[in-house]
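Undergrad: One structure, pasted below without further comment.
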Amino acid sequence: MDKPLDVHIRDSRDDDLGAIQKIYAHHVLNSVATFEIEPPDLVEMMRRRAEVLRDGFPYLVAFTLENGHERVVGYAYAYFFKLRPAYRFTAENSIYLDPVAQGSGVGRKLLGQLIERCKLIGMRQMVAVIGDSGNVASIAVHAAAGFRYAGLLRASGWKFDRWVDAVLMQRELGHGDRLPPEVGA
């Protein structure tokens, strides 16, 4: 692990979207962490965040303080794993970091906060769909947070002129499957 950053986690705000879009664009253009090919513009990122928040899910940012100003160095959100009603208690997480924050513990902090927030809204399972079976850092962060290997979608994406796997990991939240959901949930 590289040097830890003095990082703070908070709910995202509208004025974070420029930094969020830049971080995500970096991953779209330079990694297989996402299977998107073209970076979404700021308007599309605003629409996506609004959808997550509208449905009551957390959308968090990690920031450092530099000369009294916040610098967003990562973000994370959760959303429905699938939109079918039976999946309504299962969330999928997404975490993206500025390259300066990779290996510094920021992803672990974001994921920890995301897990806690999803428990509070009644989620019972969290799924990670990790682009590239060679993405050992993301796999390790999820494993350290209690995720278990749930499967491999072999060669399910085509990016950068190669086939890319998707690793599935899963973590129970709260009572998991030991109790039914709350009445009316």
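By order in the structure tokens, chains are A, B, ...; within a chain, residues start at 1; ligands start at 1, following the order shown.
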Excluding Leu168 of chain A and residues on its chain fewer than 4 positions from it, collect all residues at most 6 Å away from it, counting only C-alpha atoms, and give them as JSON, numbers by chain.

TA: {"A": [128, 129, 150, 151, 152]}

Undergrad: With N, CA and C atoms retained, write the just-selected residues as a short mmCIF file (atom, residue, chain, number, x, y, z; two decimals), in the first residue's frame.

TA:
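So the final result, stored in part34.cif, reads:
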```cif
data_model
loop_
_atom_site.label_atom_id
_atom_site.label_comp_id
_atom_site.auth_asym_id
_atom_site.auth_seq_id
_atom_site.Cartn_x
_atom_site.Cartn_y
_atom_site.Cartn_z
N ALA A 128 -20.74 -6.86 -5.93
CA ALA A 128 -19.71 -6.12 -6.67
C ALA A 128 -19.51 -6.85 -7.99
N VAL A 129 -19.55 -6.10 -9.08
CA VAL A 129 -19.24 -6.63 -10.40
C VAL A 129 -17.93 -5.95 -10.80
N ALA A 150 -18.31 -14.90 -5.75
CA ALA A 150 -19.61 -15.47 -6.11
C ALA A 150 -19.64 -15.99 -7.55
N GLY A 151 -18.61 -15.69 -8.33
CA GLY A 151 -18.60 -16.22 -9.68
C GLY A 151 -17.76 -15.39 -10.63
N LEU A 152 -17.63 -15.92 -11.84
CA LEU A 152 -16.85 -15.27 -12.88
C LEU A 152 -17.66 -15.29 -14.17
#
```

Undergrad: DSSP on the backbone, alpha helix (DSSP H) only: what residues of segment 26-70 of chain A does that give? Format it as a list in words.

TA: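 Checking each residue of segment 26-70 of chain A, the alpha helix (DSSP H) ones are His26, His27, Val28, Leu29, Asn30, Leu42, Val43, Glu44, Met45, Met46, Arg47, Arg48, Arg49, Ala50, Glu51, Val52, Leu53 and Arg54 of chain A.
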
Undergrad: Write the selection just made, keeping N, CA and C atoms, as a PDB file, in the first residue's frame?

TA:
```pdb
ATOM      1  N   HIS A  26     -11.357   9.067 -16.643  1.00  0.00           N
ATOM      2  CA  HIS A  26     -10.034   8.442 -16.589  1.00  0.00           C
ATOM      3  C   HIS A  26     -10.160   6.918 -16.636  1.00  0.00           C
ATOM      4  N   HIS A  27     -11.085   6.366 -15.844  1.00  0.00           N
ATOM      5  CA  HIS A  27     -11.252   4.909 -15.805  1.00  0.00           C
ATOM      6  C   HIS A  27     -11.838   4.362 -17.106  1.00  0.00           C
ATOM      7  N   VAL A  28     -12.749   5.102 -17.700  1.00  0.00           N
ATOM      8  CA  VAL A  28     -13.313   4.664 -18.982  1.00  0.00           C
ATOM      9  C   VAL A  28     -12.213   4.578 -20.034  1.00  0.00           C
ATOM     10  N   LEU A  29     -11.362   5.577 -20.073  1.00  0.00           N
ATOM     11  CA  LEU A  29     -10.341   5.663 -21.124  1.00  0.00           C
ATOM     12  C   LEU A  29      -9.084   4.834 -20.857  1.00  0.00           C
ATOM     13  N   ASN A  30      -8.844   4.472 -19.582  1.00  0.00           N
ATOM     14  CA  ASN A  30      -7.561   3.860 -19.243  1.00  0.00           C
ATOM     15  C   ASN A  30      -7.630   2.536 -18.500  1.00  0.00           C
ATOM     16  N   LEU A  42     -20.783  15.552 -18.541  1.00  0.00           N
ATOM     17  CA  LEU A  42     -21.219  16.039 -17.231  1.00  0.00           C
ATOM     18  C   LEU A  42     -22.730  15.941 -17.067  1.00  0.00           C
ATOM     19  N   VAL A  43     -23.486  16.247 -18.092  1.00  0.00           N
ATOM     20  CA  VAL A  43     -24.948  16.186 -18.013  1.00  0.00           C
ATOM     21  C   VAL A  43     -25.405  14.758 -17.735  1.00  0.00           C
ATOM     22  N   GLU A  44     -24.799  13.790 -18.396  1.00  0.00           N
ATOM     23  CA  GLU A  44     -25.158  12.388 -18.164  1.00  0.00           C
ATOM     24  C   GLU A  44     -24.779  11.948 -16.757  1.00  0.00           C
ATOM     25  N   MET A  45     -23.631  12.385 -16.268  1.00  0.00           N
ATOM     26  CA  MET A  45     -23.231  12.041 -14.901  1.00  0.00           C
ATOM     27  C   MET A  45     -24.194  12.662 -13.887  1.00  0.00           C
ATOM     28  N   MET A  46     -24.659  13.864 -14.177  1.00  0.00           N
ATOM     29  CA  MET A  46     -25.655  14.500 -13.308  1.00  0.00           C
ATOM     30  C   MET A  46     -26.944  13.682 -13.292  1.00  0.00           C
ATOM     31  N   ARG A  47     -27.371  13.213 -14.448  1.00  0.00           N
ATOM     32  CA  ARG A  47     -28.595  12.417 -14.546  1.00  0.00           C
ATOM     33  C   ARG A  47     -28.456  11.120 -13.761  1.00  0.00           C
ATOM     34  N   ARG A  48     -27.326  10.463 -13.899  1.00  0.00           N
ATOM     35  CA  ARG A  48     -27.103   9.196 -13.203  1.00  0.00           C
ATOM     36  C   ARG A  48     -27.104   9.387 -11.684  1.00  0.00           C
ATOM     37  N   ARG A  49     -26.428  10.411 -11.226  1.00  0.00           N
ATOM     38  CA  ARG A  49     -26.393  10.676  -9.777  1.00  0.00           C
ATOM     39  C   ARG A  49     -27.789  11.003  -9.264  1.00  0.00           C
ATOM     40  N   ALA A  50     -28.530  11.801 -10.002  1.00  0.00           N
ATOM     41  CA  ALA A  50     -29.890  12.162  -9.579  1.00  0.00           C
ATOM     42  C   ALA A  50     -30.763  10.914  -9.451  1.00  0.00           C
ATOM     43  N   GLU A  51     -30.597   9.955 -10.344  1.00  0.00           N
ATOM     44  CA  GLU A  51     -31.372   8.711 -10.284  1.00  0.00           C
ATOM     45  C   GLU A  51     -31.038   7.920  -9.015  1.00  0.00           C
ATOM     46  N   VAL A  52     -29.758   7.824  -8.700  1.00  0.00           N
ATOM     47  CA  VAL A  52     -29.319   7.110  -7.497  1.00  0.00           C
ATOM     48  C   VAL A  52     -29.918   7.765  -6.257  1.00  0.00           C
ATOM     49  N   LEU A  53     -29.803   9.079  -6.174  1.00  0.00           N
ATOM     50  CA  LEU A  53     -30.311   9.801  -5.004  1.00  0.00           C
ATOM     51  C   LEU A  53     -31.833   9.755  -4.926  1.00  0.00           C
ATOM     52  N   ARG A  54     -32.503   9.853  -6.064  1.00  0.00           N
ATOM     53  CA  ARG A  54     -33.970   9.798  -6.106  1.00  0.00           C
ATOM     54  C   ARG A  54     -34.496   8.503  -5.511  1.00  0.00           C
TER      55      ARG A  54
END
```

Undergrad: Could you give me, as a PyMOL selection string, the residues within 9 Å of segment 63-69 of chain A, counting only C-alpha atoms and dropping anything in the same chain fewer than 2 positions from it?

TA: chain A and resi 5-10+61+71-75

Undergrad: Kindly export the residues of the current selection with N, CA and C atoms, as a CSV table (one decimal), in the first residue's frame.

TA:
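Written out: result_14.csv:
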```csv
chain,number,residue,atom,x,y,z
A,5,LEU,N,-3.7,8.6,2.7
A,5,LEU,CA,-4.2,10.0,2.5
A,5,LEU,C,-5.0,10.4,3.7
A,6,ASP,N,-4.9,11.6,4.1
A,6,ASP,CA,-5.9,12.1,5.2
A,6,ASP,C,-7.1,12.5,4.4
A,7,VAL,N,-8.1,11.5,4.4
A,7,VAL,CA,-9.3,11.6,3.6
A,7,VAL,C,-10.5,11.7,4.5
A,8,HIS,N,-11.5,12.4,4.0
A,8,HIS,CA,-12.8,12.5,4.6
A,8,HIS,C,-13.8,12.0,3.7
A,9,ILE,N,-14.9,11.5,4.2
A,9,ILE,CA,-16.0,10.9,3.4
A,9,ILE,C,-17.2,11.7,3.7
A,10,ARG,N,-18.0,12.1,2.7
A,10,ARG,CA,-19.3,12.8,2.9
A,10,ARG,C,-20.2,12.5,1.7
A,61,VAL,N,-18.5,10.9,-1.6
A,61,VAL,CA,-17.2,11.3,-2.2
A,61,VAL,C,-16.2,11.2,-1.0
A,71,ARG,N,-10.5,18.6,-2.2
A,71,ARG,CA,-10.1,18.0,-3.5
A,71,ARG,C,-10.8,16.6,-3.5
A,72,VAL,N,-11.7,16.3,-4.4
A,72,VAL,CA,-12.3,15.0,-4.5
A,72,VAL,C,-11.3,14.0,-5.1
A,73,VAL,N,-11.1,12.9,-4.4
A,73,VAL,CA,-10.1,11.9,-4.8
A,73,VAL,C,-10.8,10.6,-5.0
A,74,GLY,N,-12.1,10.5,-4.9
A,74,GLY,CA,-12.8,9.3,-5.1
A,74,GLY,C,-14.2,9.4,-4.9
A,75,TYR,N,-15.0,8.5,-5.4
A,75,TYR,CA,-16.4,8.5,-5.2
A,75,TYR,C,-17.0,7.1,-5.2
```

Undergrad: Need to verify the contact set: segment 144-146 of chain A, 10 Å, only C-alpha atoms, exclusion of same-chain residues closer than 5 positions in sequence. Can you return it as a list of chain:residue names?

TA: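 The residues satisfying every condition are A:Arg108, A:Lys109, A:Leu111, A:Gly112, A:Ile115, A:Ser138, A:Ile139, A:Met169, A:Gln170, A:Arg171, A:Glu172, A:Leu173.
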
Undergrad: Give me the residues within 9 Å of Phe160 of chain A as an MDAnalysis selection string, counting only C-alpha atoms and dropping any in the same chain fewer than 3 places off.

TA: chainID A and resid 31:32 37 163

Undergrad: Just want the 8 Å neighbourhood of Gly131 of chain A, counted on only C-alpha atoms, with same-chain residues fewer than 3 positions away dropped. Output as a list in words.

TA: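 Counting only C-alpha atoms, the residues come to Val32, Ala33, Thr34, Phe35, Asn135, Val164, Asp165, Ala166 and Val167 of chain A.
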
Undergrad: Please return, as a PyMOL selection string, all residues of chain A that DSSP assigns to strand (DSSP E or B) on the basis of the backbone.

TA: chain A and resi 8-11+59-66+69-80+90-97+125-131+148-159+162-172

Undergrad: List the neighbours of Thr90 of chain A out to 9 Å using only C-alpha atoms; skip same-chain residues closer than 2 positions along the sequence, and give me the result as number ranges by chain.

TA: A: 79-82, 86-88, 92, 123-127
